[in-house]
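With CSV, C-alpha atoms inside, this is structure.csv:
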chain,number,residue,atom,x,y,z
A,1,MET,CA,0.0,0.0,0.0
A,2,SER,CA,1.4,3.4,-1.0
A,3,ASP,CA,1.6,6.1,1.6
A,4,GLU,CA,1.0,8.8,-1.0
A,5,LYS,CA,-2.0,10.1,0.9
A,6,THR,CA,-0.2,10.3,4.2
A,7,TYR,CA,3.3,11.4,3.3
A,8,LYS,CA,4.2,14.8,4.8
A,9,PRO,CA,7.4,16.3,3.6
A,10,PRO,CA,9.9,17.0,6.4
A,11,ALA,CA,11.2,20.5,7.1
A,12,VAL,CA,14.5,19.6,5.6
A,13,TRP,CA,14.9,17.0,2.8
A,14,THR,CA,17.6,14.3,3.3
A,15,TRP,CA,18.7,11.8,0.7
A,16,ASP,CA,17.4,8.3,1.1
A,17,GLN,CA,19.8,6.2,-1.0
A,18,GLY,CA,17.4,3.3,-1.3
A,19,SER,CA,14.5,5.3,-2.7
A,20,GLY,CA,15.6,5.5,-6.4
A,21,GLY,CA,14.0,2.3,-7.6
A,22,ALA,CA,15.7,0.9,-10.8
A,23,PHE,CA,18.1,3.9,-10.8
A,24,THR,CA,19.2,3.9,-7.2
A,25,ASN,CA,22.9,3.3,-8.1
A,26,ILE,CA,23.1,6.3,-10.4
A,27,ASN,CA,21.0,9.0,-8.8
A,28,ARG,CA,22.5,11.4,-6.3
A,29,PRO,CA,21.9,15.0,-5.2
A,30,VAL,CA,25.4,16.3,-6.0
A,31,ALA,CA,27.4,16.9,-9.2
A,32,GLY,CA,31.0,16.2,-10.2
A,33,ALA,CA,33.1,13.1,-10.9
A,34,THR,CA,33.1,10.1,-8.7
A,35,HIS,CA,36.1,8.4,-10.2
A,36,GLU,CA,39.0,8.9,-12.6
A,37,MET,CA,38.6,7.6,-16.1
A,38,ALA,CA,39.7,9.1,-19.4
A,39,LEU,CA,37.4,9.0,-22.4
A,40,PRO,CA,38.5,7.1,-25.5
A,41,VAL,CA,39.3,9.1,-28.6
A,42,GLY,CA,39.0,7.7,-32.1
A,43,LYS,CA,40.3,9.0,-35.4
A,44,HIS,CA,37.4,11.2,-36.5
A,45,ARG,CA,36.6,14.8,-35.9
A,46,PHE,CA,33.5,14.1,-33.8
A,47,GLN,CA,33.7,12.0,-30.7
A,48,LEU,CA,30.2,11.1,-29.4
A,49,HIS,CA,29.7,9.6,-26.0
A,50,SER,CA,26.2,8.3,-25.7
A,51,LEU,CA,23.7,5.5,-25.4
A,52,ALA,CA,20.7,4.6,-27.6
A,53,THR,CA,18.1,6.2,-25.4
A,54,PRO,CA,15.8,8.7,-27.0
A,55,ASN,CA,18.1,11.6,-26.3
A,56,GLY,CA,21.0,9.7,-27.7
A,57,ILE,CA,19.2,8.6,-30.8
A,58,LYS,CA,18.5,12.2,-31.7
A,59,VAL,CA,22.2,12.8,-32.3
A,60,THR,CA,22.9,9.5,-34.1
A,61,MET,CA,20.0,10.3,-36.4
A,62,MET,CA,21.6,13.6,-37.3
A,63,PHE,CA,25.0,12.0,-38.0
A,64,GLU,CA,23.6,9.2,-40.1
A,65,GLU,CA,21.4,11.6,-42.1
A,66,LEU,CA,24.4,13.9,-42.7
A,67,LEU,CA,26.4,10.9,-44.0
A,68,ALA,CA,23.6,9.7,-46.1
A,69,ALA,CA,23.3,13.2,-47.6
A,70,GLY,CA,27.0,13.1,-48.6
A,71,HIS,CA,28.5,15.3,-45.8
A,72,ASP,CA,31.9,14.6,-44.4
A,73,ALA,CA,30.5,13.9,-40.9
A,74,GLU,CA,32.2,10.6,-39.9
A,75,TYR,CA,32.1,10.1,-36.2
A,76,ASP,CA,33.2,7.8,-33.4
A,77,ALA,CA,30.4,6.8,-31.1
A,78,TRP,CA,31.4,5.3,-27.7
A,79,PRO,CA,28.8,3.8,-25.4
A,80,VAL,CA,28.3,5.2,-21.9
A,81,ASN,CA,27.1,2.6,-19.3
A,82,ILE,CA,24.9,4.8,-17.3
A,83,LEU,CA,23.8,2.0,-14.9
A,84,GLN,CA,27.5,1.5,-13.9
A,85,GLY,CA,28.0,5.3,-13.5
A,86,ASP,CA,30.3,6.0,-16.5
A,87,GLN,CA,28.7,9.4,-16.8
A,88,PHE,CA,30.3,10.3,-13.5
A,89,SER,CA,33.8,9.6,-14.7
A,90,SER,CA,36.3,12.5,-14.7
A,91,GLY,CA,36.5,12.3,-18.5
A,92,PHE,CA,32.8,12.5,-19.1
A,93,VAL,CA,32.2,15.2,-16.5
A,94,GLU,CA,34.9,17.2,-18.4
A,95,ILE,CA,32.7,17.3,-21.5
A,96,ASN,CA,29.4,17.4,-19.7
A,97,PRO,CA,29.3,18.8,-16.1
A,98,ASN,CA,25.7,17.7,-16.0
A,99,SER,CA,26.6,14.0,-16.3
A,100,LYS,CA,23.9,13.2,-18.9
A,101,ILE,CA,24.2,11.6,-22.3
A,102,PRO,CA,24.7,12.5,-25.0
A,103,ALA,CA,27.9,14.6,-25.0
A,104,MET,CA,30.3,15.3,-27.8
A,105,ALA,CA,33.8,16.6,-28.4
A,106,ASP,CA,34.5,18.4,-31.7
A,107,HIS,CA,38.1,18.0,-32.6
A,108,GLY,CA,37.8,20.2,-35.7
A,109,VAL,CA,38.8,23.2,-33.6
A,110,LYS,CA,41.8,23.7,-31.3
A,111,PRO,CA,41.4,23.0,-28.4
A,112,PRO,CA,38.6,20.5,-29.0
A,113,ARG,CA,35.2,22.0,-28.1
A,114,ARG,CA,32.7,20.3,-25.9
A,115,ILE,CA,29.1,20.3,-26.7
A,116,PHE,CA,26.5,18.8,-24.4
A,117,GLU,CA,22.7,18.7,-24.4
A,118,SER,CA,21.1,16.9,-27.4
A,119,GLY,CA,19.5,20.1,-28.7
A,120,ALA,CA,22.8,22.0,-28.6
A,121,ILE,CA,24.6,19.1,-30.5
A,122,LEU,CA,21.9,19.1,-33.2
A,123,LEU,CA,22.1,22.8,-33.6
A,124,HIS,CA,26.0,22.7,-33.7
A,125,LEU,CA,26.0,20.0,-36.4
A,126,ALA,CA,23.3,21.8,-38.5
A,127,GLU,CA,25.3,25.0,-38.4
A,128,THR,CA,28.6,23.2,-39.1
A,129,PHE,CA,27.3,21.5,-42.2
A,130,GLY,CA,24.5,23.9,-43.3
A,131,ALA,CA,22.1,21.0,-43.3
A,132,PHE,CA,18.7,19.9,-41.9
A,133,MET,CA,17.9,23.5,-40.9
A,134,PRO,CA,15.6,25.6,-43.2
A,135,THR,CA,17.2,28.7,-44.6
A,136,ALA,CA,14.1,30.7,-45.0
A,137,PRO,CA,13.6,32.9,-41.9
A,138,ALA,CA,10.0,31.7,-41.1
A,139,GLU,CA,10.8,28.0,-41.5
A,140,ARG,CA,14.1,28.4,-39.6
A,141,GLN,CA,12.3,29.9,-36.7
A,142,GLU,CA,9.6,27.2,-36.8
A,143,ALA,CA,12.3,24.5,-36.6
A,144,LEU,CA,14.0,26.3,-33.7
A,145,SER,CA,10.7,26.7,-31.9
A,146,TRP,CA,9.9,23.0,-32.1
A,147,LEU,CA,13.5,22.0,-31.2
A,148,PHE,CA,13.2,24.0,-28.0
A,149,TRP,CA,9.6,22.8,-27.5
A,150,GLN,CA,10.9,19.3,-27.3
A,151,VAL,CA,13.8,20.2,-25.0
A,152,GLY,CA,11.3,21.7,-22.6
A,153,ALA,CA,8.4,19.2,-23.0
A,154,GLY,CA,10.4,16.0,-23.2
A,155,PRO,CA,11.1,15.6,-19.4
A,156,PHE,CA,7.3,15.4,-18.8
A,157,VAL,CA,7.3,12.3,-21.0
A,158,GLY,CA,10.6,10.7,-19.8
A,159,GLY,CA,11.2,11.7,-16.3
A,160,GLY,CA,7.5,12.2,-15.6
A,161,PHE,CA,5.2,9.7,-17.4
A,162,GLY,CA,7.9,7.1,-18.2
A,163,HIS,CA,9.4,7.1,-14.8
A,164,PHE,CA,6.2,6.7,-12.8
A,165,TYR,CA,4.5,4.4,-15.3
A,166,ALA,CA,7.4,2.1,-16.1
A,167,TYR,CA,10.2,2.5,-13.5
A,168,ALA,CA,9.1,3.8,-10.2
A,169,PRO,CA,9.1,1.2,-7.3
A,170,GLU,CA,5.5,2.0,-6.6
A,171,LYS,CA,2.6,2.7,-8.9
A,172,ILE,CA,1.3,6.1,-7.7
A,173,ALA,CA,-2.0,6.9,-9.3
A,174,TYR,CA,-1.7,10.7,-8.9
A,175,ALA,CA,1.7,10.8,-10.6
A,176,ILE,CA,0.8,8.4,-13.4
A,177,ASN,CA,-2.5,10.3,-14.1
A,178,ARG,CA,-0.9,13.7,-14.0
A,179,PHE,CA,1.9,12.8,-16.4
A,180,ALA,CA,-0.3,10.7,-18.7
A,181,MET,CA,-2.6,13.7,-19.1
A,182,GLU,CA,0.3,15.9,-20.0
A,183,THR,CA,1.8,13.4,-22.4
A,184,LYS,CA,-1.6,13.1,-24.2
A,185,ARG,CA,-1.9,16.8,-24.3
A,186,GLN,CA,1.6,17.0,-26.0
A,187,LEU,CA,0.6,14.3,-28.5
A,188,ASP,CA,-2.5,16.3,-29.3
A,189,VAL,CA,-0.3,19.4,-29.9
A,190,LEU,CA,1.8,17.4,-32.3
A,191,ASP,CA,-1.2,15.9,-34.0
A,192,ARG,CA,-2.9,19.2,-34.7
A,193,HIS,CA,0.4,20.7,-35.9
A,194,LEU,CA,1.1,17.8,-38.3
A,195,ALA,CA,-2.4,17.8,-39.8
A,196,ASP,CA,-1.5,20.1,-42.6
A,197,ARG,CA,2.3,19.6,-43.0
A,198,THR,CA,4.7,16.8,-43.7
A,199,PHE,CA,7.3,17.6,-41.1
A,200,MET,CA,7.6,19.8,-38.0
A,201,ALA,CA,8.9,22.9,-39.8
A,202,GLY,CA,6.9,22.4,-43.0
A,203,GLU,CA,7.8,20.3,-46.0
A,204,SER,CA,11.6,20.0,-45.1
A,205,TYR,CA,12.9,17.3,-42.7
A,206,SER,CA,14.9,19.1,-40.1
A,207,ILE,CA,16.6,18.8,-36.7
A,208,ALA,CA,13.2,19.6,-35.2
A,209,ASP,CA,12.0,16.2,-36.4
A,210,MET,CA,15.2,14.5,-35.2
A,211,ALA,CA,14.7,16.0,-31.7
A,212,ILE,CA,11.0,15.0,-31.4
A,213,TRP,CA,10.8,11.6,-33.2
A,214,PRO,CA,12.9,9.5,-30.7
A,215,TRP,CA,10.4,10.4,-27.9
A,216,TYR,CA,7.0,10.9,-29.5
A,217,GLY,CA,7.5,8.8,-32.7
A,218,GLU,CA,8.9,5.8,-30.8
A,219,LEU,CA,6.1,6.3,-28.2
A,220,VAL,CA,3.3,6.0,-30.8
A,221,LEU,CA,5.1,3.2,-32.6
A,222,GLY,CA,4.9,1.2,-29.3
A,223,ARG,CA,8.6,1.1,-28.5
A,224,LEU,CA,8.6,3.4,-25.5
A,225,TYR,CA,7.3,2.2,-22.1
A,226,ASP,CA,4.9,-0.3,-23.8
A,227,ALA,CA,2.3,2.4,-23.3
A,228,ARG,CA,0.6,2.5,-26.7
A,229,GLU,CA,-2.6,1.0,-25.5
A,230,PHE,CA,-2.6,2.8,-22.2
A,231,LEU,CA,-2.3,6.2,-23.9
A,232,SER,CA,-4.7,5.3,-26.8
A,233,VAL,CA,-2.1,6.5,-29.3
A,234,ALA,CA,-4.2,5.4,-32.2
A,235,GLU,CA,-6.1,8.7,-31.7
A,236,TYR,CA,-3.1,10.6,-33.1
A,237,GLU,CA,-3.3,9.7,-36.7
A,238,ASN,CA,-1.1,12.5,-38.0
A,239,VAL,CA,1.7,11.7,-35.5
A,240,ILE,CA,1.6,8.1,-36.5
A,241,ARG,CA,1.8,8.9,-40.2
A,242,TRP,CA,4.8,11.2,-39.5
A,243,ALA,CA,6.4,8.7,-37.2
A,244,LYS,CA,6.2,5.8,-39.7
A,245,ALA,CA,7.6,8.0,-42.5
A,246,ILE,CA,10.7,8.9,-40.4
A,247,ASP,CA,11.0,5.3,-39.1
A,248,ALA,CA,11.4,4.0,-42.7
A,249,ARG,CA,14.4,6.2,-43.5
A,250,PRO,CA,17.6,4.1,-43.8
A,251,ALA,CA,19.6,6.6,-41.8
A,252,VAL,CA,17.1,6.3,-38.9
A,253,VAL,CA,17.2,2.5,-39.0
A,254,ARG,CA,21.0,2.7,-38.6
A,255,ALA,CA,20.9,5.4,-36.0
A,256,ARG,CA,18.7,3.4,-33.7
A,257,LYS,CA,21.4,0.7,-33.5
A,258,VAL,CA,24.3,2.9,-32.6
A,259,ASN,CA,25.4,2.7,-28.9
A,260,ARG,CA,22.6,0.2,-28.3
A,261,THR,CA,23.8,-2.5,-25.8
A,262,TRP,CA,20.6,-4.4,-25.2
A,263,GLY,CA,17.9,-6.2,-27.2
A,264,PRO,CA,18.3,-8.4,-30.3
A,265,ALA,CA,21.9,-8.8,-31.4
A,266,ASP,CA,21.0,-7.6,-34.9
A,267,GLY,CA,20.0,-4.3,-33.5
A,268,GLN,CA,23.2,-3.5,-31.6
A,269,VAL,CA,26.2,-1.5,-32.7
A,270,PRO,CA,27.7,-0.6,-29.3
A,271,GLU,CA,30.6,1.3,-30.9
A,272,ARG,CA,30.3,3.0,-34.2
A,273,HIS,CA,33.5,4.1,-36.1
A,274,SER,CA,32.5,3.6,-39.7
A,275,GLU,CA,29.8,2.2,-42.0
A,276,ALA,CA,31.7,-1.1,-41.8
A,277,ASP,CA,30.3,-1.6,-38.3
A,278,PHE,CA,26.8,-2.0,-39.8
A,279,LYS,CA,28.1,-4.3,-42.5
A,280,ARG,CA,30.0,-6.3,-39.9
A,281,LEU,CA,26.7,-6.7,-38.0
A,282,GLN,CA,25.0,-8.1,-41.1
A,283,THR,CA,27.9,-10.5,-41.6
A,284,ASP,CA,27.8,-11.7,-38.0
A,285,ASP,CA,24.1,-12.3,-38.4
A,286,GLY,CA,24.6,-14.3,-41.6
Target format structure tokens, applied to this file:
Amino acid sequence: MSDEKTYKPPAVWTWDQGSGGAFTNINRPVAGATHEMALPVGKHRFQLHSLATPNGIKVTMMFEELLAAGHDAEYDAWPVNILQGDQFSSGFVEINPNSKIPAMADHGVKPPRRIFESGAILLHLAETFGAFMPTAPAERQEALSWLFWQVGAGPFVGGGFGHFYAYAPEKIAYAINRFAMETKRQLDVLDRHLADRTFMAGESYSIADMAIWPWYGELVLGRLYDAREFLSVAEYENVIRWAKAIDARPAVVRARKVNRTWGPADGQVPERHSEADFKRLQTDDG
């Protein structure tokens, strides 16, 4: 029985190290490194340290789309084991003091420049290559608005709905209902917006789509939290149409495999250093 109706917050909060559920070992109320560990560095300009969670997939989508479009955007992608606390290593904290994936180092400038937060990485790559960002002022602003919408709205879906529906040690009705309501409201926002346009910024596929799809696209496709029935996602026909169109892109198929360390073996490319890593996966699978 949950004590959600009787819990009274104390005057001063103290950390209960056993209250984090599935993430007890990695959640803590302070920042900074817990141990010394240097990050690996490959041969390419861009060094990505990430995991194939929705925020990580945003960036691998961008890289794979850039490569598919003919840009010189080769990258090394290194997995970060967040359940073992790799994000609290000294090397990772150096490129992201917030200890969250994804984080990236751009070795195309001296000294190498760190970029953290998925939205910032997408914008950096779009500006570096002049790609996947509309050039017309109105469409560019639309893309930026939706990019920042996702950055602000996404935590309600992940840390809110996803946490309490799928991961919290107790099923708390108030929390699940509160965040389910907000998640459905956001899906309705997207559905109304996509009713008369192909992509988020209009007819051009952009970083706005890459930011939004790994959360909301994967959600309506039934891959996130196993919540498709619970949230009645069939109601959002425009979002489903958009999600399926992006899901079919070869670059997105590849991007979902990068830094994935779980699930079927044919869907995992834990480290990505070249296109050969995907071909090797096909060879290994016969």
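Summary of the local environment: counting only C-alpha atoms, residues at most 10 Å from Asp86 (chain A), other than itself and those fewer than 4 positions away along its chain, are A:Ile26, A:Ala33, A:Thr34, A:His35, A:Glu36, A:Met37, A:Leu39, A:Pro79, A:Val80, A:Asn81, A:Ile82, A:Ser90, A:Gly91, A:Phe92, A:Val93, A:Ser99, A:Lys100.
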Quick one, how far is CA of Ile121 (chain A) from CA of Asp191 (chain A)?
-> 26.2 Å
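With only C-alpha atoms as the atoms that count, the residue of A:Asn259, A:Thr53, A:Ser118, A:Asn25 with the shortest distance to Asp277 (chain A) is A:Asn259.
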Residues of region 91-170 of chain A at most 8 Å from region 175-188 of chain A: nearest atom pair and distance in Å, all atoms listed in the file, as a Markdown table:
| residue | atom | partner | partner_atom | distance |
| --- | --- | --- | --- | --- |
| A:Ala153 | CA | A:Gln186 | CA | 7.8 |
| A:Phe156 | CA | A:Phe179 | CA | 6.5 |
| A:Val157 | CA | A:Thr183 | CA | 5.8 |
| A:Gly160 | CA | A:Phe179 | CA | 5.7 |
| A:Phe161 | CA | A:Phe179 | CA | 4.6 |
| A:Phe164 | CA | A:Ile176 | CA | 5.7 |
| A:Tyr165 | CA | A:Ile176 | CA | 5.8 |
Any idea what's packed within 7 Å of Ile207 (chain A), counting only C-alpha atoms, ignoring anything in its chain fewer than 5 positions away? Could you give it as a PyMOL selection string?
-> chain A and resi 122+132-133
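Between CA of Ala195 (chain A) and CA of Asn238 (chain A) lies a distance of 5.7 Å.
You can rank A:Phe230, A:Trp213, A:Trp78, A:Phe116 by their closest distance to Val41 (chain A) using all atoms listed in the file, and at the top of that list sits A:Trp78.
Within 10 Å of the point (19.3, 1.2, -31.5), and counting all atoms listed in the file, the protein, DNA and RNA residues are Leu51, Ala52, Thr53, Pro54, Gly56, Ile57, Thr60, Val252, Val253, Arg254, Ala255, Arg256, Lys257, Val258, Asn259, Arg260, Thr261, Trp262, Gly263, Pro264, Asp266, Gly267, Gln268, Val269 and Pro270 of chain A.
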In Å to one decimal, how far is CA of Ala168 (chain A) from CA of Ala31 (chain A)?
-> 22.5 Å
Nearest to Ala73 (chain A), chosen from A:Tyr174, A:Phe278, A:Trp242, A:Phe129, with all atoms listed in the file counted in the distances | A:Phe129
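Among the candidates A:Lys8, A:Lys279, A:Arg272, A:His193, the residue lying nearest to Ser50 (chain A) is A:Arg272 (atoms considered: only C-alpha atoms).
Restricting the calculation to only C-alpha atoms, the smallest distance between Lys244 (chain A) and any of A:Glu229, A:Glu203, A:Glu65, A:Glu218 is found for A:Glu218.
Closest to Gly162 (chain A) among A:Val59, A:Ala227, A:Ala38, A:Val233 is A:Ala227, based on all atoms listed in the file.
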7 Å contact set for Met210 (chain A), all atoms listed in the file, chain neighbours under 2 positions out, as a ChimeraX atom specification = /A:58,61-62,206-208,212-213
What lies within 10 Å of Leu219 (chain A) using only C-alpha atoms, ignoring chain neighbours under 3 positions off, as a PyMOL selection string?
-> chain A and resi 157+187+213-216+222-228+231+233+240+243
Taking N, CA and C atoms as the atom set, what does region 190-221 of chain A look like once completed, written as a PDB file, keeping the file's coordinate frame?
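What landed in part02.pdb:
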ATOM      1  N   LEU A 190       1.107  17.919 -31.131  1.00  0.00           N
ATOM      2  CA  LEU A 190       1.800  17.400 -32.300  1.00  0.00           C
ATOM      3  C   LEU A 190       0.804  17.039 -33.417  1.00  0.00           C
ATOM      4  N   ASP A 191      -0.242  16.349 -33.025  1.00  0.00           N
ATOM      5  CA  ASP A 191      -1.200  15.900 -34.000  1.00  0.00           C
ATOM      6  C   ASP A 191      -1.885  16.997 -34.745  1.00  0.00           C
ATOM      7  N   ARG A 192      -2.255  18.024 -34.026  1.00  0.00           N
ATOM      8  CA  ARG A 192      -2.900  19.200 -34.700  1.00  0.00           C
ATOM      9  C   ARG A 192      -1.890  19.903 -35.580  1.00  0.00           C
ATOM     10  N   HIS A 193      -0.643  20.006 -35.127  1.00  0.00           N
ATOM     11  CA  HIS A 193       0.400  20.700 -35.900  1.00  0.00           C
ATOM     12  C   HIS A 193       0.662  19.945 -37.218  1.00  0.00           C
ATOM     13  N   LEU A 194       0.707  18.622 -37.150  1.00  0.00           N
ATOM     14  CA  LEU A 194       1.100  17.800 -38.300  1.00  0.00           C
ATOM     15  C   LEU A 194      -0.119  17.531 -39.245  1.00  0.00           C
ATOM     16  N   ALA A 195      -1.265  18.079 -38.934  1.00  0.00           N
ATOM     17  CA  ALA A 195      -2.400  17.800 -39.800  1.00  0.00           C
ATOM     18  C   ALA A 195      -2.293  18.387 -41.171  1.00  0.00           C
ATOM     19  N   ASP A 196      -1.554  19.473 -41.324  1.00  0.00           N
ATOM     20  CA  ASP A 196      -1.500  20.100 -42.600  1.00  0.00           C
ATOM     21  C   ASP A 196      -0.008  20.353 -43.059  1.00  0.00           C
ATOM     22  N   ARG A 197       0.924  19.533 -42.550  1.00  0.00           N
ATOM     23  CA  ARG A 197       2.300  19.600 -43.000  1.00  0.00           C
ATOM     24  C   ARG A 197       2.981  18.280 -42.845  1.00  0.00           C
ATOM     25  N   THR A 198       4.007  18.061 -43.647  1.00  0.00           N
ATOM     26  CA  THR A 198       4.700  16.800 -43.700  1.00  0.00           C
ATOM     27  C   THR A 198       5.625  16.597 -42.501  1.00  0.00           C
ATOM     28  N   PHE A 199       6.378  17.652 -42.203  1.00  0.00           N
ATOM     29  CA  PHE A 199       7.300  17.600 -41.100  1.00  0.00           C
ATOM     30  C   PHE A 199       7.099  18.773 -40.157  1.00  0.00           C
ATOM     31  N   MET A 200       7.866  18.825 -39.087  1.00  0.00           N
ATOM     32  CA  MET A 200       7.600  19.800 -38.000  1.00  0.00           C
ATOM     33  C   MET A 200       7.745  21.238 -38.498  1.00  0.00           C
ATOM     34  N   ALA A 201       8.720  21.503 -39.379  1.00  0.00           N
ATOM     35  CA  ALA A 201       8.900  22.900 -39.800  1.00  0.00           C
ATOM     36  C   ALA A 201       8.295  23.146 -41.198  1.00  0.00           C
ATOM     37  N   GLY A 202       7.511  22.224 -41.695  1.00  0.00           N
ATOM     38  CA  GLY A 202       6.900  22.400 -43.000  1.00  0.00           C
ATOM     39  C   GLY A 202       7.071  21.183 -43.864  1.00  0.00           C
ATOM     40  N   GLU A 203       7.625  21.401 -45.052  1.00  0.00           N
ATOM     41  CA  GLU A 203       7.800  20.300 -46.000  1.00  0.00           C
ATOM     42  C   GLU A 203       9.285  19.777 -45.931  1.00  0.00           C
ATOM     43  N   SER A 204      10.143  20.413 -45.145  1.00  0.00           N
ATOM     44  CA  SER A 204      11.600  20.000 -45.100  1.00  0.00           C
ATOM     45  C   SER A 204      11.826  19.278 -43.754  1.00  0.00           C
ATOM     46  N   TYR A 205      12.427  18.134 -43.871  1.00  0.00           N
ATOM     47  CA  TYR A 205      12.900  17.300 -42.700  1.00  0.00           C
ATOM     48  C   TYR A 205      14.026  18.089 -42.052  1.00  0.00           C
ATOM     49  N   SER A 206      13.961  18.246 -40.737  1.00  0.00           N
ATOM     50  CA  SER A 206      14.900  19.100 -40.100  1.00  0.00           C
ATOM     51  C   SER A 206      15.303  18.535 -38.686  1.00  0.00           C
ATOM     52  N   ILE A 207      16.190  19.264 -38.012  1.00  0.00           N
ATOM     53  CA  ILE A 207      16.600  18.800 -36.700  1.00  0.00           C
ATOM     54  C   ILE A 207      15.412  18.868 -35.699  1.00  0.00           C
ATOM     55  N   ALA A 208      14.362  19.599 -36.017  1.00  0.00           N
ATOM     56  CA  ALA A 208      13.200  19.600 -35.200  1.00  0.00           C
ATOM     57  C   ALA A 208      12.570  18.170 -35.151  1.00  0.00           C
ATOM     58  N   ASP A 209      12.481  17.553 -36.327  1.00  0.00           N
ATOM     59  CA  ASP A 209      12.000  16.200 -36.400  1.00  0.00           C
ATOM     60  C   ASP A 209      12.884  15.212 -35.687  1.00  0.00           C
ATOM     61  N   MET A 210      14.191  15.412 -35.830  1.00  0.00           N
ATOM     62  CA  MET A 210      15.200  14.500 -35.200  1.00  0.00           C
ATOM     63  C   MET A 210      15.096  14.620 -33.674  1.00  0.00           C
ATOM     64  N   ALA A 211      14.780  15.786 -33.165  1.00  0.00           N
ATOM     65  CA  ALA A 211      14.700  16.000 -31.700  1.00  0.00           C
ATOM     66  C   ALA A 211      13.393  15.305 -31.183  1.00  0.00           C
ATOM     67  N   ILE A 212      12.309  15.427 -31.929  1.00  0.00           N
ATOM     68  CA  ILE A 212      11.000  15.000 -31.400  1.00  0.00           C
ATOM     69  C   ILE A 212      10.744  13.513 -31.668  1.00  0.00           C
ATOM     70  N   TRP A 213      11.190  12.975 -32.797  1.00  0.00           N
ATOM     71  CA  TRP A 213      10.800  11.600 -33.200  1.00  0.00           C
ATOM     72  C   TRP A 213      11.254  10.547 -32.153  1.00  0.00           C
ATOM     73  N   PRO A 214      12.493  10.563 -31.608  1.00  0.00           N
ATOM     74  CA  PRO A 214      12.900   9.500 -30.700  1.00  0.00           C
ATOM     75  C   PRO A 214      11.996   9.379 -29.452  1.00  0.00           C
ATOM     76  N   TRP A 215      11.377  10.454 -29.053  1.00  0.00           N
ATOM     77  CA  TRP A 215      10.400  10.400 -27.900  1.00  0.00           C
ATOM     78  C   TRP A 215       9.027  10.118 -28.394  1.00  0.00           C
ATOM     79  N   TYR A 216       8.461  10.991 -29.175  1.00  0.00           N
ATOM     80  CA  TYR A 216       7.000  10.900 -29.500  1.00  0.00           C
ATOM     81  C   TYR A 216       6.781   9.899 -30.632  1.00  0.00           C
ATOM     82  N   GLY A 217       7.692   9.815 -31.602  1.00  0.00           N
ATOM     83  CA  GLY A 217       7.500   8.800 -32.700  1.00  0.00           C
ATOM     84  C   GLY A 217       7.665   7.422 -32.135  1.00  0.00           C
ATOM     85  N   GLU A 218       8.705   7.180 -31.356  1.00  0.00           N
ATOM     86  CA  GLU A 218       8.900   5.800 -30.800  1.00  0.00           C
ATOM     87  C   GLU A 218       7.726   5.511 -29.831  1.00  0.00           C
ATOM     88  N   LEU A 219       7.179   6.504 -29.160  1.00  0.00           N
ATOM     89  CA  LEU A 219       6.100   6.300 -28.200  1.00  0.00           C
ATOM     90  C   LEU A 219       4.834   5.773 -29.006  1.00  0.00           C
ATOM     91  N   VAL A 220       4.461   6.455 -30.083  1.00  0.00           N
ATOM     92  CA  VAL A 220       3.300   6.000 -30.800  1.00  0.00           C
ATOM     93  C   VAL A 220       3.487   4.759 -31.612  1.00  0.00           C
ATOM     94  N   LEU A 221       4.744   4.425 -31.886  1.00  0.00           N
ATOM     95  CA  LEU A 221       5.100   3.200 -32.600  1.00  0.00           C
ATOM     96  C   LEU A 221       5.127   1.993 -31.605  1.00  0.00           C
TER      97      LEU A 221
END
